[in-house]
Amino acid sequence: MKIRSESIAIRNVSKTFHSTTAVDDVSFDVSPGEVFGLLGPNGAGKTTLIRLIMDIIRPDSGTVQILGHQFREEDRNRIGYLPEERGIYTRLKVLPTLMYFAMLKGVPTKKANENARNWLARFEMSGLENRRIQELSKGNQQKIQIIASLVADPDILILDEPFSGLDPLNARLLRDIIRDLASQGKTVLLSTHQMTLVETFCQRLLMVDGGRVMLYGTLDEIKRPYSNNAVLVKSDADYGQCDLIDHYVPDAKATKVYLREGIAGNDFLTWLLGRAIHIELFERAEMSLEDIFIKSLGAICE
Amino acid sequence: MNKTLVIARHEFLTTILRKGYLLTVVGMPLLCAGLGVASFLTRSMIEQRMAGPDAVGLIDRAHFVALTLGDGINQNTESAYSGLVGLGKEKTYRFVPYQDLGAALEDLRRERLAACYLIDEDYLTTGKVSTYTLEGGLSSLLSSPGRSQLYNLIRASLLKERVASDIFDRIVNPGHLSEVSVTEAGQVNEERNKFQRVARFLGPLSMFILLNISIFLSSGYLLQGISEEKQNRVIEVLLSSVRSGQLLTGKIIGLGAAGLLQVLVYVIFLFVPTMAVFRVIELSLANVAVSLLYFILGYVLFAALMAGTSVLGSSPRENGQLSGIWSLISMIPLSLIGPLSQNPNSTLAHILSYIPITAPVTMLLRISLLSKVPYLDVLISVVTLIAGIYFAVKGATRVFRAASLMHGKRPTLTEIFHWLREA
């Protein structure tokens with residue numbers, strides 16, 4: 001049964017380990033060229049979902065489709081994976097280790113060597129090919145692990161907390177590489193706790209908790225229900241004079257103005273413009289993803 | 001390249017380049033060669049020191065010893081090992097008669113004599129003989145030089161005139177002993193001395209020890225490797241690229257090849273030179289072939305069992321302790337080495353040969369002790385071993401797949417049984 005030619009298509013998947021339900025009726029899609037965020041607190045079922053996608057474990061029910069078909073053995077070669085708990089052969093040398101990981105994905109020896117050298121150059125690590133990994137700095141060891149997930153040139157890249165342990169320069173380098181890969185049509189599934197990263201990086205996201213889907217959709221779709229019809233304004237206006245406002249909360253950066261029910265942001269903007277005052281900032285006051293995350297979890301707990 | 005082979009190649013190369021492996025593989029022949037050289041040098045030194053005088057003094061106050069008899073009675077004093085490389089012949093001493101103890105002791109002090117014996121006047125009633133040797137010499141710590149010769153001489157002197165000459169000859173020289181062994185099939189083997197008979201087992205017995213060491217070293221490497229990969233989480237990356245069965249098979253092949261290489265190095269650098277020097281040591285092709293077969297089957301069985309348990313603990317140390325149970329069970333035949341050696345075809349030997357986990361060690365031991373490979377037992381034990389391997393690999397793969405991804409928690413027995421039952 002072909003669902004859609006999505007890179008990853010999960011349909012009603014459940015997985016139970018003895019009495020614990022790790023994943024409960026989860027469905028989502030990830031498209032080619034998309035950077036998709038997978039969010040959830042610890043123990044929410046993210047790792048189980050990732051393992052289901054990679055066929056390390058099989059679902060009790062539901063279907064997992066990769067690149068438009070049921071998981072095939074050769075699909076392992078098309079998925080690159082960086083687990084949250086980093087692991088690498090620290091006693092081995094850089095180049096043979098990377099070549100080994102590439103060859104495990106079916107890449108021929110010569111190509112594996114070429115890919116490893118190219119990625120080392122891309123991550124500004126040329127010249128370290130024959131160094132033992134344990135001799136490298138922590139940051140460089142981290143980059144070797146990232147390269148290990150990229151070295152086979154996968155179509156789907158699953159990165160679990162890829163930025164942890166990276167300094168700002170290397171984090172920027174990795175961000176550029178991820179964007180570049182997405183622009184080449186690669187699918188990137190980003191599992192992280194860093195909400196700001198998801199907000200700046202991901203087009204869509206899935207938030208799970210207790211194995212169930214809590215939030216799923218584009219950032220806009222997810223944020224809209226949490227906007228509370230509020231705007232952020234920085235101006236000289238006296239908001240107490242405005243009948244359109246329900247209440248407002250002043251802040252050093254901007255004032256958060258909560259509009260009365262039925263009042264659109266445009267109505268309030270028109271009112272401001274009519275005052276002939278200086279307006280520095282006017283934007284919809286969205287709840288941050290972090291707040292939504294916490295609020296959603298709070299709702300579950302209640 | 002096939003993924004299993006990629007893993008096998010990786011495991012082989014990383015293992016043979018390990019310091020521990022190199023130390024065991026290269027160090028062992030070097031250690032043996034060193035011990036050989038040290039033993040040779042020590043022996044040479046002892047022989048040099050023992051070279052000394054070839055005469056012993058004799059003061060016969062009982063006046064009965066006939067020194068002329070000495071030449072005919074001390075021709076058969078070769079040690080059991082003299083057939084080996086011509087070394088070890090007991091030294092034959094010349095008896096020099098003295099009347100005066102002082103003169104004899106003066107010659108002893110001047111190292112003209114290796115020892116001096118004083119036979120008391122009332123020897124025939126008391127049997128008293130005093131031995132004089134130089135204090136501090138190495139020879140003083142060993143048996144007195146020429147003592148056995150003296151005893152033979154005393155016996156001969158006492159009997160010479162009292163028994164018929166043919167009886168006298170037989171008493172002095174009871175027989176030229178030759179030993180002929182008969183196989184179970186009734187085949188009479190050529191004459192061998194005791195040492196040659198012992199030496200016949202040395203080759204297969206060394207093979208037995210060597211292969212057992214390799215089995216446990218190789219499966220130990222596997223255990224260590226998997227435990228480390230689980231601990232440092234590489235296992236998760238590996239399982240995203242290959243199936244657990246492929247991973248285990250690749251590891252077993254790669255580390256088994258490293259074990260075989262180890263055996264090969266030992267055979268080339270230890271066995272061949274030893275066999276060239278000590279020509280009486282035998283090792284038949286059939287023996288080698290069957291031993292290697294048990295090495296491979298035994299290794300695969302232990303490797304699978306070790307792999308299955310190597311992921312159950314929460315640390316490499318705990319995994320090692322858990323896996324130790326297989327080593328203990330497999331060593332049962334070694335704890336029964338006494339009864340097994342006494343009768344390698346006993347019911348106990350047969351039972352242990354047919355139980356997969358004890359079969360490799362038992363059969364390797366039996367093959368080393370029996371003159372002929374028991375092919376029927378080989379067939380039965382190989383069949384049970386293969387069946388054992390099948391279930392061990394299958395079970396290990398299931399347990400490995402489930403437990404290798406568990407962290408910080410030890411699975412319960414119920415969980416393990418559940419995994420084993422899973423299709």
# chains A, B, ... in the order shown; residues from 1 in each chain; ligands from 1
>>> residues_around(residues="Leu297 in chain A", least_positions_apart="2", cutoff="12 Å", atoms="only C-alpha atoms", output="ChimeraX atom specification")
/A:39-42,44,207-210,212-215,290-295,299-302
>>> write_last_selection(atoms="N, CA and C atoms", output="PDB file, in the first residue's frame")
ATOM      1  N   LEU A  39       9.977  16.844  18.722  1.00  0.00           N
ATOM      2  CA  LEU A  39      10.127  17.371  20.079  1.00  0.00           C
ATOM      3  C   LEU A  39       9.440  16.481  21.099  1.00  0.00           C
ATOM      4  N   GLY A  40       9.863  16.662  22.315  1.00  0.00           N
ATOM      5  CA  GLY A  40       9.216  15.912  23.396  1.00  0.00           C
ATOM      6  C   GLY A  40      10.140  15.833  24.583  1.00  0.00           C
ATOM      7  N   PRO A  41       9.549  15.731  25.775  1.00  0.00           N
ATOM      8  CA  PRO A  41      10.408  15.620  26.962  1.00  0.00           C
ATOM      9  C   PRO A  41      11.117  14.265  26.995  1.00  0.00           C
ATOM     10  N   ASN A  42      12.009  14.099  27.934  1.00  0.00           N
ATOM     11  CA  ASN A  42      12.701  12.814  28.059  1.00  0.00           C
ATOM     12  C   ASN A  42      11.680  11.709  28.326  1.00  0.00           C
ATOM     13  N   ALA A  44       9.573  10.576  26.159  1.00  0.00           N
ATOM     14  CA  ALA A  44       8.309  10.822  25.463  1.00  0.00           C
ATOM     15  C   ALA A  44       8.045   9.803  24.360  1.00  0.00           C
ATOM     16  N   MET A 207       5.341  17.104  18.153  1.00  0.00           N
ATOM     17  CA  MET A 207       5.693  17.020  19.564  1.00  0.00           C
ATOM     18  C   MET A 207       4.977  15.822  20.169  1.00  0.00           C
ATOM     19  N   VAL A 208       5.749  14.959  20.814  1.00  0.00           N
ATOM     20  CA  VAL A 208       5.150  13.773  21.438  1.00  0.00           C
ATOM     21  C   VAL A 208       5.376  13.812  22.941  1.00  0.00           C
ATOM     22  N   ASP A 209       4.444  13.173  23.622  1.00  0.00           N
ATOM     23  CA  ASP A 209       4.641  12.969  25.056  1.00  0.00           C
ATOM     24  C   ASP A 209       3.861  11.724  25.460  1.00  0.00           C
ATOM     25  N   GLY A 210       4.469  10.914  26.292  1.00  0.00           N
ATOM     26  CA  GLY A 210       3.831   9.661  26.701  1.00  0.00           C
ATOM     27  C   GLY A 210       3.522   8.784  25.509  1.00  0.00           C
ATOM     28  N   ARG A 212       2.317   9.701  22.728  1.00  0.00           N
ATOM     29  CA  ARG A 212       1.212  10.193  21.899  1.00  0.00           C
ATOM     30  C   ARG A 212       1.574  11.529  21.242  1.00  0.00           C
ATOM     31  N   VAL A 213       0.918  11.812  20.120  1.00  0.00           N
ATOM     32  CA  VAL A 213       1.155  13.086  19.429  1.00  0.00           C
ATOM     33  C   VAL A 213       0.477  14.206  20.205  1.00  0.00           C
ATOM     34  N   MET A 214       1.244  15.244  20.574  1.00  0.00           N
ATOM     35  CA  MET A 214       0.672  16.395  21.259  1.00  0.00           C
ATOM     36  C   MET A 214       0.457  17.545  20.283  1.00  0.00           C
ATOM     37  N   LEU A 215       1.442  17.792  19.453  1.00  0.00           N
ATOM     38  CA  LEU A 215       1.349  18.869  18.471  1.00  0.00           C
ATOM     39  C   LEU A 215       1.942  18.375  17.170  1.00  0.00           C
ATOM     40  N   GLU A 290       8.751  27.311  23.204  1.00  0.00           N
ATOM     41  CA  GLU A 290       9.100  26.791  24.530  1.00  0.00           C
ATOM     42  C   GLU A 290       7.901  26.896  25.473  1.00  0.00           C
ATOM     43  N   ASP A 291       7.224  28.059  25.401  1.00  0.00           N
ATOM     44  CA  ASP A 291       6.044  28.245  26.255  1.00  0.00           C
ATOM     45  C   ASP A 291       4.940  27.269  25.866  1.00  0.00           C
ATOM     46  N   ILE A 292       4.783  27.092  24.538  1.00  0.00           N
ATOM     47  CA  ILE A 292       3.748  26.161  24.073  1.00  0.00           C
ATOM     48  C   ILE A 292       4.068  24.747  24.557  1.00  0.00           C
ATOM     49  N   PHE A 293       5.352  24.423  24.446  1.00  0.00           N
ATOM     50  CA  PHE A 293       5.830  23.109  24.875  1.00  0.00           C
ATOM     51  C   PHE A 293       5.481  22.878  26.354  1.00  0.00           C
ATOM     52  N   ILE A 294       5.842  23.878  27.158  1.00  0.00           N
ATOM     53  CA  ILE A 294       5.607  23.741  28.607  1.00  0.00           C
ATOM     54  C   ILE A 294       4.109  23.730  28.905  1.00  0.00           C
ATOM     55  N   LYS A 295       3.379  24.615  28.178  1.00  0.00           N
ATOM     56  CA  LYS A 295       1.939  24.703  28.409  1.00  0.00           C
ATOM     57  C   LYS A 295       1.247  23.385  28.023  1.00  0.00           C
ATOM     58  N   ALA A 299      -0.778  20.960  30.464  1.00  0.00           N
ATOM     59  CA  ALA A 299      -2.159  20.555  30.215  1.00  0.00           C
ATOM     60  C   ALA A 299      -2.310  19.046  30.386  1.00  0.00           C
ATOM     61  N   ILE A 300      -1.276  18.330  29.925  1.00  0.00           N
ATOM     62  CA  ILE A 300      -1.333  16.867  30.037  1.00  0.00           C
ATOM     63  C   ILE A 300      -1.283  16.457  31.512  1.00  0.00           C
ATOM     64  N   CYS A 301      -0.356  17.153  32.221  1.00  0.00           N
ATOM     65  CA  CYS A 301      -0.177  16.795  33.636  1.00  0.00           C
ATOM     66  C   CYS A 301      -1.456  17.047  34.425  1.00  0.00           C
ATOM     67  N   GLU A 302      -2.152  18.153  34.047  1.00  0.00           N
ATOM     68  CA  GLU A 302      -3.393  18.485  34.752  1.00  0.00           C
ATOM     69  C   GLU A 302      -4.457  17.465  34.392  1.00  0.00           C
TER      70      GLU A 302
END
>>> interface_residues(of="chain B", to="chain A", cutoff="6 Å", atoms="only C-alpha atoms", output="list in words")
Lys3, Asn232, Arg233, Val234, Ser240 and Ser241 of chain B
>>> write_last_selection(atoms="N, CA and C atoms", output="PDB file, in the first residue's frame")
ATOM      1  N   LYS B   3      28.158  -6.608   3.823  1.00  0.00           N
ATOM      2  CA  LYS B   3      28.299  -5.908   5.110  1.00  0.00           C
ATOM      3  C   LYS B   3      28.891  -6.796   6.197  1.00  0.00           C
ATOM      4  N   ASN B 232      29.654   2.650  24.879  1.00  0.00           N
ATOM      5  CA  ASN B 232      29.893   3.949  24.234  1.00  0.00           C
ATOM      6  C   ASN B 232      28.869   4.254  23.129  1.00  0.00           C
ATOM      7  N   ARG B 233      27.832   3.457  23.072  1.00  0.00           N
ATOM      8  CA  ARG B 233      26.643   3.682  22.210  1.00  0.00           C
ATOM      9  C   ARG B 233      26.917   3.558  20.712  1.00  0.00           C
ATOM     10  N   VAL B 234      28.072   3.053  20.320  1.00  0.00           N
ATOM     11  CA  VAL B 234      28.321   2.849  18.888  1.00  0.00           C
ATOM     12  C   VAL B 234      27.345   1.821  18.344  1.00  0.00           C
ATOM     13  N   SER B 240      21.797   0.811  13.014  1.00  0.00           N
ATOM     14  CA  SER B 240      21.048   1.586  12.017  1.00  0.00           C
ATOM     15  C   SER B 240      21.562   1.264  10.610  1.00  0.00           C
ATOM     16  N   SER B 241      22.722   0.594  10.547  1.00  0.00           N
ATOM     17  CA  SER B 241      23.314   0.277   9.242  1.00  0.00           C
ATOM     18  C   SER B 241      23.199  -1.196   8.874  1.00  0.00           C
TER      19      SER B 241
END
>>> residues_around(residues="Ile10 in chain A", least_positions_apart="2", cutoff="7 Å", atoms="only C-alpha atoms", output="PyMOL selection string")
chain A and resi 8+12-13+27-29+63-65
>>> atom_distance(atom1="CA of Ala112 in chain A", atom2="CA of Ile177 in chain A")
19.2 Å
>>> residues_around(residues="Val65 in chain B", least_positions_apart="2", cutoff="9 Å", atoms="only C-alpha atoms", output="ChimeraX atom specification")
/B:60,62-63,67-69,153-154,156-158
>>> residues_around(residues="Thr196 in chain A", least_positions_apart="6", cutoff="10 Å", atoms="only C-alpha atoms", output="PyMOL selection string")
chain A and resi 202+288-290
>>> closest_atom_pairs(of="range 219-271 of chain B", to="range 30-42 of chain B", cutoff="12 Å", atoms="only C-alpha atoms", output="JSON lines")
{"residue": "B:Val265", "atom": "CA", "partner": "B:Leu30", "partner_atom": "CA", "distance": 11.3}
{"residue": "B:Tyr266", "atom": "CA", "partner": "B:Cys32", "partner_atom": "CA", "distance": 10.3}
{"residue": "B:Phe269", "atom": "CA", "partner": "B:Leu30", "partner_atom": "CA", "distance": 8.8}
{"residue": "B:Leu270", "atom": "CA", "partner": "B:Cys32", "partner_atom": "CA", "distance": 7.7}
{"residue": "B:Phe271", "atom": "CA", "partner": "B:Cys32", "partner_atom": "CA", "distance": 10.8}
>>> residues_around(residues="range 117-128 of chain A", least_positions_apart="5", cutoff="12 Å", atoms="only C-alpha atoms", output="MDAnalysis selection string")
chainID A and resid 93:99 102 110:112 133:137 139:153 169:177 180
>>> select_by_dssp(residues="range 94-268 of chain A", states="strand (DSSP E)", output="PDB file with N, CA, C and O atoms, in the first residue's frame")
ATOM      1  N   ILE A 156      18.004  10.436   3.864  1.00  0.00           N
ATOM      2  CA  ILE A 156      17.323  10.852   5.093  1.00  0.00           C
ATOM      3  C   ILE A 156      18.366  10.954   6.195  1.00  0.00           C
ATOM      4  O   ILE A 156      19.169  10.035   6.380  1.00  0.00           O
ATOM      5  N   LEU A 157      18.316  12.076   6.887  1.00  0.00           N
ATOM      6  CA  LEU A 157      19.299  12.280   7.952  1.00  0.00           C
ATOM      7  C   LEU A 157      18.551  12.476   9.268  1.00  0.00           C
ATOM      8  O   LEU A 157      17.713  13.365   9.384  1.00  0.00           O
ATOM      9  N   ILE A 158      18.828  11.608  10.218  1.00  0.00           N
ATOM     10  CA  ILE A 158      18.173  11.719  11.523  1.00  0.00           C
ATOM     11  C   ILE A 158      19.214  12.179  12.528  1.00  0.00           C
ATOM     12  O   ILE A 158      20.177  11.462  12.805  1.00  0.00           O
ATOM     13  N   LEU A 159      19.037  13.386  13.034  1.00  0.00           N
ATOM     14  CA  LEU A 159      20.027  13.973  13.938  1.00  0.00           C
ATOM     15  C   LEU A 159      19.392  14.206  15.300  1.00  0.00           C
ATOM     16  O   LEU A 159      18.415  14.948  15.412  1.00  0.00           O
ATOM     17  N   ASP A 160      19.930  13.538  16.299  1.00  0.00           N
ATOM     18  CA  ASP A 160      19.397  13.676  17.653  1.00  0.00           C
ATOM     19  C   ASP A 160      20.320  14.621  18.434  1.00  0.00           C
ATOM     20  O   ASP A 160      21.469  14.276  18.690  1.00  0.00           O
ATOM     21  N   THR A 187      16.157  14.837   3.315  1.00  0.00           N
ATOM     22  CA  THR A 187      15.210  14.993   4.418  1.00  0.00           C
ATOM     23  C   THR A 187      15.983  15.002   5.726  1.00  0.00           C
ATOM     24  O   THR A 187      16.808  14.122   5.961  1.00  0.00           O
ATOM     25  N   VAL A 188      15.707  16.026   6.547  1.00  0.00           N
ATOM     26  CA  VAL A 188      16.417  16.087   7.831  1.00  0.00           C
ATOM     27  C   VAL A 188      15.395  16.035   8.964  1.00  0.00           C
ATOM     28  O   VAL A 188      14.490  16.860   9.026  1.00  0.00           O
ATOM     29  N   LEU A 189      15.535  15.019   9.801  1.00  0.00           N
ATOM     30  CA  LEU A 189      14.675  14.926  10.980  1.00  0.00           C
ATOM     31  C   LEU A 189      15.529  15.309  12.180  1.00  0.00           C
ATOM     32  O   LEU A 189      16.532  14.659  12.467  1.00  0.00           O
ATOM     33  N   LEU A 190      15.103  16.385  12.824  1.00  0.00           N
ATOM     34  CA  LEU A 190      15.911  16.959  13.895  1.00  0.00           C
ATOM     35  C   LEU A 190      15.216  16.721  15.225  1.00  0.00           C
ATOM     36  O   LEU A 190      14.149  17.264  15.474  1.00  0.00           O
ATOM     37  N   SER A 191      15.809  15.880  16.044  1.00  0.00           N
ATOM     38  CA  SER A 191      15.235  15.646  17.367  1.00  0.00           C
ATOM     39  C   SER A 191      16.016  16.487  18.355  1.00  0.00           C
ATOM     40  O   SER A 191      17.238  16.372  18.444  1.00  0.00           O
ATOM     41  N   ARG A 204       8.216  22.265   9.837  1.00  0.00           N
ATOM     42  CA  ARG A 204       7.121  21.600  10.556  1.00  0.00           C
ATOM     43  C   ARG A 204       7.707  20.833  11.742  1.00  0.00           C
ATOM     44  O   ARG A 204       8.907  20.566  11.782  1.00  0.00           O
ATOM     45  N   LEU A 205       6.816  20.475  12.642  1.00  0.00           N
ATOM     46  CA  LEU A 205       7.311  19.722  13.796  1.00  0.00           C
ATOM     47  C   LEU A 205       6.253  18.773  14.339  1.00  0.00           C
ATOM     48  O   LEU A 205       5.054  18.911  14.071  1.00  0.00           O
ATOM     49  N   LEU A 206       6.761  17.824  15.118  1.00  0.00           N
ATOM     50  CA  LEU A 206       5.889  16.884  15.818  1.00  0.00           C
ATOM     51  C   LEU A 206       6.329  16.899  17.271  1.00  0.00           C
ATOM     52  O   LEU A 206       7.519  16.790  17.563  1.00  0.00           O
ATOM     53  N   MET A 207       5.341  17.104  18.153  1.00  0.00           N
ATOM     54  CA  MET A 207       5.693  17.020  19.564  1.00  0.00           C
ATOM     55  C   MET A 207       4.977  15.822  20.169  1.00  0.00           C
ATOM     56  O   MET A 207       3.765  15.666  19.994  1.00  0.00           O
ATOM     57  N   VAL A 208       5.749  14.959  20.814  1.00  0.00           N
ATOM     58  CA  VAL A 208       5.150  13.773  21.438  1.00  0.00           C
ATOM     59  C   VAL A 208       5.376  13.812  22.941  1.00  0.00           C
ATOM     60  O   VAL A 208       6.334  14.413  23.427  1.00  0.00           O
ATOM     61  N   ASP A 209       4.444  13.173  23.622  1.00  0.00           N
ATOM     62  CA  ASP A 209       4.641  12.969  25.056  1.00  0.00           C
ATOM     63  C   ASP A 209       3.861  11.724  25.460  1.00  0.00           C
ATOM     64  O   ASP A 209       2.741  11.513  24.978  1.00  0.00           O
ATOM     65  N   ARG A 212       2.317   9.701  22.728  1.00  0.00           N
ATOM     66  CA  ARG A 212       1.212  10.193  21.899  1.00  0.00           C
ATOM     67  C   ARG A 212       1.574  11.529  21.242  1.00  0.00           C
ATOM     68  O   ARG A 212       2.395  12.280  21.765  1.00  0.00           O
ATOM     69  N   VAL A 213       0.918  11.812  20.120  1.00  0.00           N
ATOM     70  CA  VAL A 213       1.155  13.086  19.429  1.00  0.00           C
ATOM     71  C   VAL A 213       0.477  14.206  20.205  1.00  0.00           C
ATOM     72  O   VAL A 213      -0.717  14.143  20.485  1.00  0.00           O
ATOM     73  N   MET A 214       1.244  15.244  20.574  1.00  0.00           N
ATOM     74  CA  MET A 214       0.672  16.395  21.259  1.00  0.00           C
ATOM     75  C   MET A 214       0.457  17.545  20.283  1.00  0.00           C
ATOM     76  O   MET A 214      -0.564  18.213  20.314  1.00  0.00           O
ATOM     77  N   LEU A 215       1.442  17.792  19.453  1.00  0.00           N
ATOM     78  CA  LEU A 215       1.349  18.869  18.471  1.00  0.00           C
ATOM     79  C   LEU A 215       1.942  18.375  17.170  1.00  0.00           C
ATOM     80  O   LEU A 215       2.957  17.669  17.178  1.00  0.00           O
ATOM     81  N   TYR A 216       1.334  18.741  16.068  1.00  0.00           N
ATOM     82  CA  TYR A 216       1.878  18.329  14.781  1.00  0.00           C
ATOM     83  C   TYR A 216       1.432  19.333  13.717  1.00  0.00           C
ATOM     84  O   TYR A 216       0.248  19.671  13.635  1.00  0.00           O
ATOM     85  N   GLY A 217       2.334  19.856  12.950  1.00  0.00           N
ATOM     86  CA  GLY A 217       1.969  20.764  11.873  1.00  0.00           C
ATOM     87  C   GLY A 217       3.068  21.773  11.614  1.00  0.00           C
ATOM     88  O   GLY A 217       4.195  21.622  12.114  1.00  0.00           O
ATOM     89  N   THR A 218       2.710  22.828  10.860  1.00  0.00           N
ATOM     90  CA  THR A 218       3.694  23.882  10.604  1.00  0.00           C
ATOM     91  C   THR A 218       3.802  24.726  11.871  1.00  0.00           C
ATOM     92  O   THR A 218       2.909  24.697  12.736  1.00  0.00           O
ATOM     93  N   ALA A 230      -3.151  38.875  20.841  1.00  0.00           N
ATOM     94  CA  ALA A 230      -2.309  39.907  21.460  1.00  0.00           C
ATOM     95  C   ALA A 230      -1.279  40.404  20.454  1.00  0.00           C
ATOM     96  O   ALA A 230      -0.950  39.692  19.500  1.00  0.00           O
ATOM     97  N   VAL A 231      -0.818  41.649  20.671  1.00  0.00           N
ATOM     98  CA  VAL A 231       0.250  42.198  19.826  1.00  0.00           C
ATOM     99  C   VAL A 231       1.332  42.787  20.721  1.00  0.00           C
ATOM    100  O   VAL A 231       1.061  43.194  21.854  1.00  0.00           O
ATOM    101  N   LEU A 232       2.536  42.806  20.145  1.00  0.00           N
ATOM    102  CA  LEU A 232       3.640  43.444  20.847  1.00  0.00           C
ATOM    103  C   LEU A 232       3.821  44.825  20.232  1.00  0.00           C
ATOM    104  O   LEU A 232       3.974  44.943  19.013  1.00  0.00           O
ATOM    105  N   VAL A 233       3.781  45.872  21.042  1.00  0.00           N
ATOM    106  CA  VAL A 233       3.871  47.247  20.523  1.00  0.00           C
ATOM    107  C   VAL A 233       4.916  48.024  21.317  1.00  0.00           C
ATOM    108  O   VAL A 233       5.006  47.887  22.541  1.00  0.00           O
ATOM    109  N   LYS A 234       5.680  48.835  20.568  1.00  0.00           N
ATOM    110  CA  LYS A 234       6.556  49.797  21.240  1.00  0.00           C
ATOM    111  C   LYS A 234       6.289  51.150  20.595  1.00  0.00           C
ATOM    112  O   LYS A 234       6.622  51.355  19.417  1.00  0.00           O
ATOM    113  N   SER A 235       5.620  51.998  21.353  1.00  0.00           N
ATOM    114  CA  SER A 235       5.247  53.317  20.793  1.00  0.00           C
ATOM    115  C   SER A 235       5.071  54.317  21.939  1.00  0.00           C
ATOM    116  O   SER A 235       5.172  53.947  23.112  1.00  0.00           O
ATOM    117  N   ILE A 245      -8.636  47.809  23.522  1.00  0.00           N
ATOM    118  CA  ILE A 245      -7.744  46.973  24.344  1.00  0.00           C
ATOM    119  C   ILE A 245      -8.479  46.404  25.557  1.00  0.00           C
ATOM    120  O   ILE A 245      -9.221  47.118  26.232  1.00  0.00           O
ATOM    121  N   ASP A 246      -8.229  45.104  25.787  1.00  0.00           N
ATOM    122  CA  ASP A 246      -8.784  44.483  26.978  1.00  0.00           C
ATOM    123  C   ASP A 246      -7.895  44.821  28.179  1.00  0.00           C
ATOM    124  O   ASP A 246      -8.353  45.334  29.170  1.00  0.00           O
ATOM    125  N   HIS A 247      -6.596  44.485  28.018  1.00  0.00           N
ATOM    126  CA  HIS A 247      -5.615  44.902  29.012  1.00  0.00           C
ATOM    127  C   HIS A 247      -4.235  44.877  28.364  1.00  0.00           C
ATOM    128  O   HIS A 247      -4.078  44.356  27.250  1.00  0.00           O
ATOM    129  N   TYR A 248      -3.241  45.417  29.054  1.00  0.00           N
ATOM    130  CA  TYR A 248      -1.896  45.390  28.477  1.00  0.00           C
ATOM    131  C   TYR A 248      -0.852  45.218  29.578  1.00  0.00           C
ATOM    132  O   TYR A 248      -1.080  45.548  30.733  1.00  0.00           O
ATOM    133  N   VAL A 249       0.305  44.625  29.141  1.00  0.00           N
ATOM    134  CA  VAL A 249       1.381  44.349  30.108  1.00  0.00           C
ATOM    135  C   VAL A 249       2.648  45.039  29.612  1.00  0.00           C
ATOM    136  O   VAL A 249       3.239  44.604  28.616  1.00  0.00           O
ATOM    137  N   THR A 255       5.432  46.499  24.866  1.00  0.00           N
ATOM    138  CA  THR A 255       4.224  46.276  25.676  1.00  0.00           C
ATOM    139  C   THR A 255       3.387  45.206  24.994  1.00  0.00           C
ATOM    140  O   THR A 255       3.153  45.256  23.786  1.00  0.00           O
ATOM    141  N   LYS A 256       2.945  44.233  25.789  1.00  0.00           N
ATOM    142  CA  LYS A 256       2.093  43.195  25.217  1.00  0.00           C
ATOM    143  C   LYS A 256       0.646  43.637  25.413  1.00  0.00           C
ATOM    144  O   LYS A 256       0.180  43.789  26.548  1.00  0.00           O
ATOM    145  N   VAL A 257      -0.003  43.882  24.279  1.00  0.00           N
ATOM    146  CA  VAL A 257      -1.369  44.424  24.315  1.00  0.00           C
ATOM    147  C   VAL A 257      -2.354  43.325  23.946  1.00  0.00           C
ATOM    148  O   VAL A 257      -2.265  42.736  22.870  1.00  0.00           O
ATOM    149  N   TYR A 258      -3.291  43.029  24.876  1.00  0.00           N
ATOM    150  CA  TYR A 258      -4.320  42.004  24.634  1.00  0.00           C
ATOM    151  C   TYR A 258      -5.573  42.708  24.134  1.00  0.00           C
ATOM    152  O   TYR A 258      -6.152  43.548  24.830  1.00  0.00           O
ATOM    153  N   LEU A 259      -5.986  42.413  22.898  1.00  0.00           N
ATOM    154  CA  LEU A 259      -7.131  43.090  22.279  1.00  0.00           C
ATOM    155  C   LEU A 259      -8.429  42.433  22.717  1.00  0.00           C
ATOM    156  O   LEU A 259      -8.437  41.242  23.060  1.00  0.00           O
TER     157      LEU A 259
END
>>> residues_around(residues="Gly313 in chain B", least_positions_apart="2", cutoff="10 Å", atoms="only C-alpha atoms", output="count of residues only")
22
>>> select_by_dssp(residues="range 93-293 of chain B", states="helix (DSSP H, G or I)", output="PyMOL selection string")
chain B and resi 101-109+123-126+138-141+147-159+165-172+194-231+234-241+244-277+285-293
